[in-house]
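Visitor: Contents of final22.pdb (PDB, C-alpha atoms) are below:
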```pdb
MODEL        1
ATOM      1  CA  MET A   1      78.675 130.581  25.756  1.00  0.00           C
ATOM      2  CA  THR A   2      78.868 128.447  22.599  1.00  0.00           C
ATOM      3  CA  PRO A   3      82.726 128.457  22.397  1.00  0.00           C
ATOM      4  CA  LEU A   4      82.967 127.464  26.067  1.00  0.00           C
ATOM      5  CA  ILE A   5      80.486 124.600  25.628  1.00  0.00           C
ATOM      6  CA  ALA A   6      82.330 123.503  22.483  1.00  0.00           C
ATOM      7  CA  ALA A   7      85.641 123.566  24.382  1.00  0.00           C
ATOM      8  CA  LEU A   8      84.136 121.473  27.181  1.00  0.00           C
ATOM      9  CA  GLN A   9      82.713 119.005  24.684  1.00  0.00           C
ATOM     10  CA  PHE A  10      86.143 118.698  23.065  1.00  0.00           C
ATOM     11  CA  LEU A  11      88.083 118.316  26.335  1.00  0.00           C
ATOM     12  CA  THR A  12      85.641 116.493  28.630  1.00  0.00           C
ATOM     13  CA  LEU A  13      82.824 113.960  28.864  1.00  0.00           C
ATOM     14  CA  LEU A  14      80.480 116.362  30.658  1.00  0.00           C
ATOM     15  CA  PRO A  15      76.896 115.928  29.390  1.00  0.00           C
ATOM     16  CA  LEU A  16      76.323 119.208  27.568  1.00  0.00           C
ATOM     17  CA  GLY A  17      73.895 118.258  24.823  1.00  0.00           C
ATOM     18  CA  LYS A  18      74.524 118.057  21.110  1.00  0.00           C
ATOM     19  CA  PRO A  19      78.038 118.877  19.826  1.00  0.00           C
ATOM     20  CA  ARG A  20      78.491 122.607  19.191  1.00  0.00           C
ATOM     21  CA  GLU A  21      80.403 123.911  16.194  1.00  0.00           C
ATOM     22  CA  THR A  22      82.464 127.044  16.668  1.00  0.00           C
ATOM     23  CA  ASP A  23      85.443 128.847  15.196  1.00  0.00           C
ATOM     24  CA  PRO A  24      88.640 126.895  16.086  1.00  0.00           C
ATOM     25  CA  GLU A  25      90.352 130.112  17.157  1.00  0.00           C
ATOM     26  CA  LYS A  26      87.625 130.913  19.676  1.00  0.00           C
ATOM     27  CA  LEU A  27      87.582 127.292  20.799  1.00  0.00           C
ATOM     28  CA  VAL A  28      91.306 127.386  21.630  1.00  0.00           C
ATOM     29  CA  PHE A  29      90.921 130.692  23.488  1.00  0.00           C
ATOM     30  CA  PHE A  30      88.291 129.092  25.732  1.00  0.00           C
ATOM     31  CA  PHE A  31      90.485 126.126  26.727  1.00  0.00           C
ATOM     32  CA  PRO A  32      91.566 127.797  30.014  1.00  0.00           C
ATOM     33  CA  LEU A  33      87.945 128.641  30.864  1.00  0.00           C
ATOM     34  CA  ALA A  34      87.037 125.014  30.244  1.00  0.00           C
ATOM     35  CA  GLY A  35      89.835 124.203  32.677  1.00  0.00           C
ATOM     36  CA  PHE A  36      88.149 126.412  35.280  1.00  0.00           C
ATOM     37  CA  VAL A  37      84.947 124.414  34.869  1.00  0.00           C
ATOM     38  CA  ILE A  38      86.897 121.187  35.394  1.00  0.00           C
ATOM     39  CA  GLY A  39      88.540 122.816  38.404  1.00  0.00           C
ATOM     40  CA  GLY A  40      85.158 123.836  39.798  1.00  0.00           C
ATOM     41  CA  VAL A  41      83.929 120.241  39.548  1.00  0.00           C
ATOM     42  CA  LEU A  42      87.137 119.099  41.248  1.00  0.00           C
ATOM     43  CA  VAL A  43      86.724 121.581  44.128  1.00  0.00           C
ATOM     44  CA  PHE A  44      83.125 120.510  44.734  1.00  0.00           C
ATOM     45  CA  PHE A  45      83.891 116.809  44.889  1.00  0.00           C
ATOM     46  CA  ASP A  46      87.132 117.322  46.810  1.00  0.00           C
ATOM     47  CA  LEU A  47      85.147 118.992  49.596  1.00  0.00           C
ATOM     48  CA  LEU A  48      82.850 115.956  49.680  1.00  0.00           C
ATOM     49  CA  PHE A  49      85.767 113.529  49.646  1.00  0.00           C
ATOM     50  CA  LEU A  50      87.476 115.321  52.534  1.00  0.00           C
ATOM     51  CA  HIS A  51      84.216 115.482  54.504  1.00  0.00           C
ATOM     52  CA  PHE A  52      83.546 111.761  54.289  1.00  0.00           C
ATOM     53  CA  GLY A  53      87.086 110.390  54.042  1.00  0.00           C
ATOM     54  CA  SER A  54      90.760 110.946  54.723  1.00  0.00           C
ATOM     55  CA  ALA A  55      93.263 113.098  52.821  1.00  0.00           C
ATOM     56  CA  VAL A  56      94.623 109.951  51.182  1.00  0.00           C
ATOM     57  CA  THR A  57      91.165 108.956  49.999  1.00  0.00           C
ATOM     58  CA  ALA A  58      90.445 112.482  48.735  1.00  0.00           C
ATOM     59  CA  ALA A  59      93.707 112.663  46.774  1.00  0.00           C
ATOM     60  CA  SER A  60      93.093 109.254  45.202  1.00  0.00           C
ATOM     61  CA  LEU A  61      89.527 110.101  44.224  1.00  0.00           C
ATOM     62  CA  ASP A  62      90.595 113.513  42.892  1.00  0.00           C
ATOM     63  CA  VAL A  63      93.050 111.821  40.534  1.00  0.00           C
ATOM     64  CA  ALA A  64      90.360 109.379  39.430  1.00  0.00           C
ATOM     65  CA  LEU A  65      87.844 112.198  38.951  1.00  0.00           C
ATOM     66  CA  LEU A  66      90.193 114.178  36.693  1.00  0.00           C
ATOM     67  CA  ALA A  67      90.680 111.087  34.552  1.00  0.00           C
ATOM     68  CA  LEU A  68      86.944 110.330  34.377  1.00  0.00           C
ATOM     69  CA  VAL A  69      85.848 113.884  33.580  1.00  0.00           C
ATOM     70  CA  THR A  70      88.209 113.970  30.603  1.00  0.00           C
ATOM     71  CA  GLY A  71      87.535 110.405  29.520  1.00  0.00           C
ATOM     72  CA  ALA A  72      91.248 109.703  30.116  1.00  0.00           C
ATOM     73  CA  LEU A  73      91.830 111.602  26.849  1.00  0.00           C
ATOM     74  CA  HIS A  74      94.962 113.339  28.104  1.00  0.00           C
ATOM     75  CA  LEU A  75      96.308 110.242  29.847  1.00  0.00           C
ATOM     76  CA  ASP A  76      95.977 108.318  26.598  1.00  0.00           C
ATOM     77  CA  GLY A  77      97.884 111.113  24.855  1.00  0.00           C
ATOM     78  CA  LEU A  78     100.603 111.007  27.496  1.00  0.00           C
ATOM     79  CA  ALA A  79     101.059 107.254  27.118  1.00  0.00           C
ATOM     80  CA  ASP A  80     101.152 107.412  23.308  1.00  0.00           C
ATOM     81  CA  THR A  81     103.544 110.372  23.354  1.00  0.00           C
ATOM     82  CA  ALA A  82     105.904 108.626  25.755  1.00  0.00           C
ATOM     83  CA  ASP A  83     105.923 105.493  23.580  1.00  0.00           C
ATOM     84  CA  GLY A  84     106.642 107.509  20.429  1.00  0.00           C
ATOM     85  CA  LEU A  85     108.995 110.261  21.526  1.00  0.00           C
ATOM     86  CA  LEU A  86     111.082 108.349  24.069  1.00  0.00           C
ATOM     87  CA  ALA A  87     111.727 105.397  21.785  1.00  0.00           C
ATOM     88  CA  HIS A  88     114.678 107.069  19.981  1.00  0.00           C
ATOM     89  CA  ARG A  89     113.057 106.508  16.597  1.00  0.00           C
ATOM     90  CA  GLU A  90     112.967 108.842  13.625  1.00  0.00           C
ATOM     91  CA  ARG A  91     110.079 111.311  13.296  1.00  0.00           C
ATOM     92  CA  GLU A  92     107.836 109.291  10.985  1.00  0.00           C
ATOM     93  CA  LYS A  93     108.292 106.108  12.988  1.00  0.00           C
ATOM     94  CA  ALA A  94     107.513 108.004  16.208  1.00  0.00           C
ATOM     95  CA  LEU A  95     104.284 109.326  14.659  1.00  0.00           C
ATOM     96  CA  THR A  96     103.323 105.784  13.662  1.00  0.00           C
ATOM     97  CA  ILE A  97     103.995 104.489  17.179  1.00  0.00           C
ATOM     98  CA  MET A  98     101.837 107.249  18.694  1.00  0.00           C
ATOM     99  CA  LYS A  99      98.967 106.291  16.413  1.00  0.00           C
ATOM    100  CA  ASP A 100      99.056 102.686  17.638  1.00  0.00           C
ATOM    101  CA  SER A 101      96.233 102.091  20.139  1.00  0.00           C
ATOM    102  CA  ARG A 102      98.388  99.707  22.158  1.00  0.00           C
ATOM    103  CA  VAL A 103     100.335 101.060  25.136  1.00  0.00           C
ATOM    104  CA  GLY A 104     103.996 100.114  25.442  1.00  0.00           C
ATOM    105  CA  ALA A 105     106.208  99.765  28.495  1.00  0.00           C
ATOM    106  CA  MET A 106     107.467 103.352  28.311  1.00  0.00           C
ATOM    107  CA  GLY A 107     103.947 104.749  28.023  1.00  0.00           C
ATOM    108  CA  LEU A 108     102.803 102.700  31.009  1.00  0.00           C
ATOM    109  CA  VAL A 109     105.741 103.746  33.177  1.00  0.00           C
ATOM    110  CA  VAL A 110     105.412 107.459  32.335  1.00  0.00           C
ATOM    111  CA  THR A 111     101.654 107.412  32.938  1.00  0.00           C
ATOM    112  CA  ILE A 112     102.048 105.739  36.329  1.00  0.00           C
ATOM    113  CA  CYS A 113     104.755 108.244  37.298  1.00  0.00           C
ATOM    114  CA  ALA A 114     102.562 111.192  36.269  1.00  0.00           C
ATOM    115  CA  LEU A 115      99.617 109.866  38.287  1.00  0.00           C
ATOM    116  CA  LEU A 116     101.828 109.287  41.333  1.00  0.00           C
ATOM    117  CA  ILE A 117     103.251 112.814  41.105  1.00  0.00           C
ATOM    118  CA  LYS A 118      99.749 114.238  40.798  1.00  0.00           C
ATOM    119  CA  TRP A 119      98.538 112.155  43.741  1.00  0.00           C
ATOM    120  CA  SER A 120     101.454 113.196  45.939  1.00  0.00           C
ATOM    121  CA  GLY A 121     100.859 116.836  45.036  1.00  0.00           C
ATOM    122  CA  LEU A 122      97.187 116.606  45.950  1.00  0.00           C
ATOM    123  CA  MET A 123      98.099 114.809  49.163  1.00  0.00           C
ATOM    124  CA  GLY A 124     100.403 117.606  50.286  1.00  0.00           C
ATOM    125  CA  LEU A 125      98.232 120.507  49.138  1.00  0.00           C
ATOM    126  CA  GLU A 126      96.893 122.465  52.098  1.00  0.00           C
ATOM    127  CA  MET A 127      97.243 126.250  51.823  1.00  0.00           C
ATOM    128  CA  HIS A 128      94.774 127.757  49.311  1.00  0.00           C
ATOM    129  CA  ARG A 129      93.738 124.189  48.453  1.00  0.00           C
ATOM    130  CA  ASN A 130      90.420 125.075  46.826  1.00  0.00           C
ATOM    131  CA  LEU A 131      91.929 127.877  44.772  1.00  0.00           C
ATOM    132  CA  CYS A 132      94.782 125.650  43.609  1.00  0.00           C
ATOM    133  CA  LEU A 133      92.363 122.898  42.616  1.00  0.00           C
ATOM    134  CA  PHE A 134      90.390 125.491  40.681  1.00  0.00           C
ATOM    135  CA  ILE A 135      93.217 127.120  38.712  1.00  0.00           C
ATOM    136  CA  VAL A 136      95.648 124.254  37.990  1.00  0.00           C
ATOM    137  CA  PRO A 137      93.336 122.555  35.434  1.00  0.00           C
ATOM    138  CA  ALA A 138      93.036 125.952  33.716  1.00  0.00           C
ATOM    139  CA  TYR A 139      96.826 126.284  33.506  1.00  0.00           C
ATOM    140  CA  ALA A 140      97.041 122.739  32.154  1.00  0.00           C
ATOM    141  CA  ARG A 141      94.687 123.627  29.268  1.00  0.00           C
ATOM    142  CA  ALA A 142      96.207 127.081  28.727  1.00  0.00           C
ATOM    143  CA  VAL A 143      99.586 125.564  27.846  1.00  0.00           C
ATOM    144  CA  ILE A 144      98.021 124.178  24.666  1.00  0.00           C
ATOM    145  CA  ILE A 145      97.519 127.703  23.291  1.00  0.00           C
ATOM    146  CA  PRO A 146     101.188 128.687  22.735  1.00  0.00           C
ATOM    147  CA  ALA A 147     101.933 125.134  21.571  1.00  0.00           C
ATOM    148  CA  ILE A 148      99.340 125.393  18.788  1.00  0.00           C
ATOM    149  CA  PHE A 149     100.555 128.899  17.956  1.00  0.00           C
ATOM    150  CA  LEU A 150     104.250 127.938  17.755  1.00  0.00           C
ATOM    151  CA  LEU A 151     104.229 124.407  16.315  1.00  0.00           C
ATOM    152  CA  PRO A 152     102.778 123.016  13.070  1.00  0.00           C
ATOM    153  CA  TYR A 153     100.452 120.034  13.114  1.00  0.00           C
ATOM    154  CA  GLY A 154     102.235 116.748  12.556  1.00  0.00           C
ATOM    155  CA  ARG A 155      99.492 114.764  10.844  1.00  0.00           C
ATOM    156  CA  PRO A 156      98.557 116.340   7.489  1.00  0.00           C
ATOM    157  CA  GLU A 157      96.545 113.214   6.682  1.00  0.00           C
ATOM    158  CA  GLY A 158      94.204 114.073   9.545  1.00  0.00           C
ATOM    159  CA  GLY A 159      93.908 113.494  13.270  1.00  0.00           C
ATOM    160  CA  THR A 160      92.090 114.510  16.447  1.00  0.00           C
ATOM    161  CA  GLY A 161      93.401 118.073  16.422  1.00  0.00           C
ATOM    162  CA  THR A 162      93.433 118.698  12.667  1.00  0.00           C
ATOM    163  CA  PHE A 163      90.634 121.287  12.700  1.00  0.00           C
ATOM    164  CA  LEU A 164      92.533 123.406  15.236  1.00  0.00           C
ATOM    165  CA  PHE A 165      95.223 124.027  12.611  1.00  0.00           C
ATOM    166  CA  GLU A 166      92.982 124.794   9.640  1.00  0.00           C
ATOM    167  CA  LYS A 167      94.197 128.386   9.664  1.00  0.00           C
ATOM    168  CA  PRO A 168      97.059 130.131  11.510  1.00  0.00           C
ATOM    169  CA  LEU A 169      96.064 131.506  14.887  1.00  0.00           C
ATOM    170  CA  ARG A 170      96.284 135.253  15.284  1.00  0.00           C
ATOM    171  CA  PRO A 171      98.546 136.618  18.065  1.00  0.00           C
ATOM    172  CA  TRP A 172      95.589 137.803  20.160  1.00  0.00           C
ATOM    173  CA  ILE A 173      94.799 134.186  20.975  1.00  0.00           C
ATOM    174  CA  LEU A 174      97.849 134.106  23.269  1.00  0.00           C
ATOM    175  CA  SER A 175      96.003 136.431  25.650  1.00  0.00           C
ATOM    176  CA  GLY A 176      94.045 133.350  26.738  1.00  0.00           C
ATOM    177  CA  VAL A 177      97.115 132.309  28.712  1.00  0.00           C
ATOM    178  CA  LEU A 178      96.596 135.364  30.940  1.00  0.00           C
ATOM    179  CA  ILE A 179      93.257 134.006  32.219  1.00  0.00           C
ATOM    180  CA  PRO A 180      94.726 131.604  34.809  1.00  0.00           C
ATOM    181  CA  VAL A 181      97.645 133.975  35.439  1.00  0.00           C
ATOM    182  CA  ILE A 182      95.245 136.696  36.587  1.00  0.00           C
ATOM    183  CA  ALA A 183      93.301 134.222  38.720  1.00  0.00           C
ATOM    184  CA  SER A 184      96.541 133.093  40.379  1.00  0.00           C
ATOM    185  CA  LEU A 185      97.156 136.560  41.833  1.00  0.00           C
ATOM    186  CA  GLN A 186      94.799 135.556  44.640  1.00  0.00           C
ATOM    187  CA  LEU A 187      97.540 133.192  45.802  1.00  0.00           C
ATOM    188  CA  GLY A 188      99.701 136.124  46.849  1.00  0.00           C
ATOM    189  CA  GLU A 189     103.427 135.344  46.860  1.00  0.00           C
ATOM    190  CA  ARG A 190     102.706 131.781  45.753  1.00  0.00           C
ATOM    191  CA  ALA A 191     101.547 133.159  42.409  1.00  0.00           C
ATOM    192  CA  LEU A 192     105.234 133.629  41.572  1.00  0.00           C
ATOM    193  CA  TRP A 193     105.816 129.911  42.154  1.00  0.00           C
ATOM    194  CA  VAL A 194     102.978 128.720  39.977  1.00  0.00           C
ATOM    195  CA  ASN A 195     103.583 131.177  37.125  1.00  0.00           C
ATOM    196  CA  SER A 196     107.327 130.501  37.070  1.00  0.00           C
ATOM    197  CA  ALA A 197     106.636 126.760  36.999  1.00  0.00           C
ATOM    198  CA  PHE A 198     104.052 127.205  34.232  1.00  0.00           C
ATOM    199  CA  LEU A 199     106.534 129.169  32.119  1.00  0.00           C
ATOM    200  CA  CYS A 200     109.396 126.729  32.691  1.00  0.00           C
ATOM    201  CA  ILE A 201     107.402 123.530  32.114  1.00  0.00           C
ATOM    202  CA  GLY A 202     105.552 124.943  29.099  1.00  0.00           C
ATOM    203  CA  SER A 203     108.721 126.315  27.484  1.00  0.00           C
ATOM    204  CA  ALA A 204     110.599 123.057  28.077  1.00  0.00           C
ATOM    205  CA  LEU A 205     107.830 121.005  26.458  1.00  0.00           C
ATOM    206  CA  VAL A 206     107.548 123.258  23.407  1.00  0.00           C
ATOM    207  CA  PHE A 207     111.341 123.277  23.017  1.00  0.00           C
ATOM    208  CA  PHE A 208     111.480 119.480  23.333  1.00  0.00           C
ATOM    209  CA  TYR A 209     108.672 118.975  20.808  1.00  0.00           C
ATOM    210  CA  ARG A 210     110.297 121.372  18.338  1.00  0.00           C
ATOM    211  CA  ARG A 211     113.720 119.759  18.692  1.00  0.00           C
ATOM    212  CA  ARG A 212     112.507 116.142  18.728  1.00  0.00           C
ATOM    213  CA  MET A 213     109.650 116.272  16.206  1.00  0.00           C
ATOM    214  CA  GLY A 214     109.349 119.754  14.735  1.00  0.00           C
ATOM    215  CA  CYS A 215     105.576 119.498  15.154  1.00  0.00           C
ATOM    216  CA  ILE A 216     102.754 118.678  17.543  1.00  0.00           C
ATOM    217  CA  THR A 217      99.842 116.221  17.520  1.00  0.00           C
ATOM    218  CA  GLY A 218      96.696 115.695  19.567  1.00  0.00           C
ATOM    219  CA  ASP A 219      98.505 113.099  21.679  1.00  0.00           C
ATOM    220  CA  MET A 220     101.336 115.524  22.373  1.00  0.00           C
ATOM    221  CA  MET A 221      98.855 118.199  23.460  1.00  0.00           C
ATOM    222  CA  GLY A 222      97.249 115.706  25.831  1.00  0.00           C
ATOM    223  CA  ALA A 223     100.678 114.887  27.250  1.00  0.00           C
ATOM    224  CA  MET A 224     101.271 118.592  27.901  1.00  0.00           C
ATOM    225  CA  VAL A 225      98.035 118.811  29.894  1.00  0.00           C
ATOM    226  CA  GLU A 226      98.943 115.853  32.111  1.00  0.00           C
ATOM    227  CA  ILE A 227     102.551 116.937  32.666  1.00  0.00           C
ATOM    228  CA  MET A 228     101.523 120.504  33.502  1.00  0.00           C
ATOM    229  CA  GLU A 229      98.758 119.393  35.857  1.00  0.00           C
ATOM    230  CA  SER A 230     100.998 116.944  37.722  1.00  0.00           C
ATOM    231  CA  GLY A 231     103.905 119.368  37.861  1.00  0.00           C
ATOM    232  CA  LEU A 232     101.912 122.310  39.205  1.00  0.00           C
ATOM    233  CA  PHE A 233     100.128 120.287  41.887  1.00  0.00           C
ATOM    234  CA  CYS A 234     103.480 118.913  43.020  1.00  0.00           C
ATOM    235  CA  ILE A 235     105.186 122.323  43.098  1.00  0.00           C
ATOM    236  CA  LEU A 236     102.291 123.972  44.944  1.00  0.00           C
ATOM    237  CA  SER A 237     102.375 121.239  47.580  1.00  0.00           C
ATOM    238  CA  MET A 238     106.117 121.844  48.021  1.00  0.00           C
ATOM    239  CA  GLY A 239     105.285 125.480  48.687  1.00  0.00           C
ATOM    240  CA  ASP A 240     103.065 124.286  51.562  1.00  0.00           C
ATOM    241  CA  LEU A 241     105.967 122.346  53.020  1.00  0.00           C
ATOM    242  CA  GLY A 242     108.018 125.533  52.999  1.00  0.00           C
TER     243      GLY A 242
ENDMDL
END
```
Output the structure of this file as structure tokens.
Guide:
Amino acid sequence: MTPLIAALQFLTLLPLGKPRETDPEKLVFFFPLAGFVIGGVLVFFDLLFLHFGSAVTAASLDVALLALVTGALHLDGLADTADGLLAHREREKALTIMKDSRVGAMGLVVTICALLIKWSGLMGLEMHRNLCLFIVPAYARAVIIPAIFLLPYGRPEGGTGTFLFEKPLRPWILSGVLIPVIASLQLGERALWVNSAFLCIGSALVFFYRRRMGCITGDMMGAMVEIMESGLFCILSMGDLG
């Protein structure tokens, strides 16, 4: 259980005692399982929100809960990444912009758009709602695994994710991506939707990062989590409309 607790301590603000040290490779493998824990918390509170309030209230509180559980870590990464990568600056300047604690106009706009997409997806999610709430956070953390495997770290001087790149990950670590994929089979035909979307969004982000920066940072990983989470909730809600 130590790698799972360490992954939760790295990705969330859940009160889990003193920080646990574990092998970075094992830590990365447990990211999707940490996502399942986040999803479990989301399912529990979503049931309460729906019991005492409307669908609009539940969707709004679900979005707030996801931000609170993670300490807005991924949202901060999304804002910084948008400011740096969408500013049409050279690589080193983009890295400097991302390190700035201030949020620019582009970061604010992209963050608001991501939250609105996530909210609208949660609003329209009906069929297999609990299962979708459970597995989407796992997918959102699983996308980090191939990104770490395929891209070098962009801050040799040190940063939030430096320790994850201390040694090259072995190929077996990619099997962690299969964890949410297997869980999604309970969705039946809709599993094809979610897995196709996961592959397309994840591949597009890795390709964009490689082409734009040739590397990845902690902020960029956080942006991947938010984009994947928002995208999958939105696509799954579209499946309900069909």
Visitor: Using the chain letters and numbers from this file, what does the PyMOL selection byres ((chain A and resi 208-211) around 10) select? Give the answer as a compact mmCIF listing (two decimals) with C-alpha atoms, keeping the file's coordinate frame.
Guide:
```txt
# COMPACT_ATOMS: atom_id res chain seq x y z
CA LEU A 85 109.00 110.26 21.53
CA ALA A 147 101.93 125.13 21.57
CA LEU A 150 104.25 127.94 17.76
CA LEU A 151 104.23 124.41 16.32
CA PRO A 152 102.78 123.02 13.07
CA GLY A 202 105.55 124.94 29.10
CA SER A 203 108.72 126.32 27.48
CA ALA A 204 110.60 123.06 28.08
CA LEU A 205 107.83 121.00 26.46
CA VAL A 206 107.55 123.26 23.41
CA PHE A 207 111.34 123.28 23.02
CA ARG A 212 112.51 116.14 18.73
CA MET A 213 109.65 116.27 16.21
CA GLY A 214 109.35 119.75 14.74
CA CYS A 215 105.58 119.50 15.15
CA ILE A 216 102.75 118.68 17.54
CA THR A 217 99.84 116.22 17.52
CA MET A 220 101.34 115.52 22.37
```
Visitor: Taking only C-alpha atoms into account, which of A:Val63, A:Ala87, A:Ala34, A:Leu174 comes nearest A:Met123?
Guide: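 Residue with the minimum atom-to-atom distance to A:Met123: A:Val63.
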Visitor: Using the chain letters and numbers from this file, what does the PyMOL selection byres ((chain A and resi 125) around 12) select? Give the answer as an MDAnalysis selection string.
Guide: chainID A and resid 46 55:56 58:59 118:124 126:133 232:242
Visitor: Quick one: residues within 12 Å of A:Leu115, only C-alpha atoms counted, chain neighbours fewer than 5 positions away excluded, as a list in words?
Guide: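 So the residues in contact are Ala59, Ser60, Leu61, Asp62, Val63, Ala64, Leu66, Ala67, Ala72, His74, Leu75, Leu78, Ala79, Leu108, Val109, Val110, Ser120, Gly121, Leu122, Glu226, Ile227, Met228, Glu229, Ser230, Gly231, Phe233 and Cys234 of chain A.
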Visitor: Which is closest to A:Phe149 among A:Phe30, A:Met98, A:Lys167, A:Ile135, if we use all atoms listed in the file?
Guide: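 Closest to A:Phe149 of all the choices is A:Lys167.
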Visitor: Any idea what's packed within 12 Å of A:Ile182, counting all atoms listed in the file, ignoring anything in its chain fewer than 2 positions away? Could you give it as a PyMOL selection string?
Guide: chain A and resi 32+135+138-139+175-180+184-188+191-192+194-195
Visitor: Which residue out of A:Val103, A:Ile148, A:Ala7, A:Leu33 has the minimum interatomic distance to A:Asp76 when all atoms listed in the file are used?
Guide: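 Under the stated criterion, the closest residue is A:Val103.
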Visitor: Out of A:Ile112, A:Leu14, A:Ile201, A:Ala94, which residue has the shortest atom-to-atom distance to A:Leu65 when counting only C-alpha atoms?
Guide: A:Leu14
Visitor: Looking at A:Phe10, A:Phe31, A:Phe198, A:Phe36, which one is nearest to A:Arg141, with distances taken over only C-alpha atoms?
Guide: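 Looking at the shortest contact to A:Arg141, the residue is A:Phe31.
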Visitor: In Å, rounded to a single decimal, give me how far atom CA of A:Arg102 is from atom CA of A:Gly218.
Guide: 16.3 Å
Visitor: Could the centre and edge lengths of an axis-aligned box, enclosing all atoms of stretch 1-9 of chain A in the file with 4 Å extra on each side, be given in Å to one decimal as AutoDock Vina command-line options?
Guide:
```
--center_x 82.2 --center_y 124.8 --center_z 24.8 --size_x 15.0 --size_y 19.6 --size_z 12.8
```
Visitor: May I have the residues within 6 Å of A:Leu13 as a ChimeraX atom specification, using all atoms listed in the file and disregarding those fewer than 3 positions away in the same chain?
Guide: /A:69-71
Visitor: Residues picked by the PyMOL selection byres ((chain A and resi 27) around 12) here, as a ChimeraX atom specification?
Guide: /A:1-11,20-26,28-34,141-142,144-145,161,163-165,169,173,176
Visitor: Can you measure atom CA of A:Leu95 to atom CA of A:Pro168 for me? One decimal in Å is fine.
Guide: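 According to the coordinates, atom CA of A:Leu95 and atom CA of A:Pro168 are separated by 22.2 Å.
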Visitor: Could you tell me how far atom CA of A:Ala223 sits from atom CA of A:Gly77, in Å to one decimal place?
Guide: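 Interatomic distance here is 5.3 Å.
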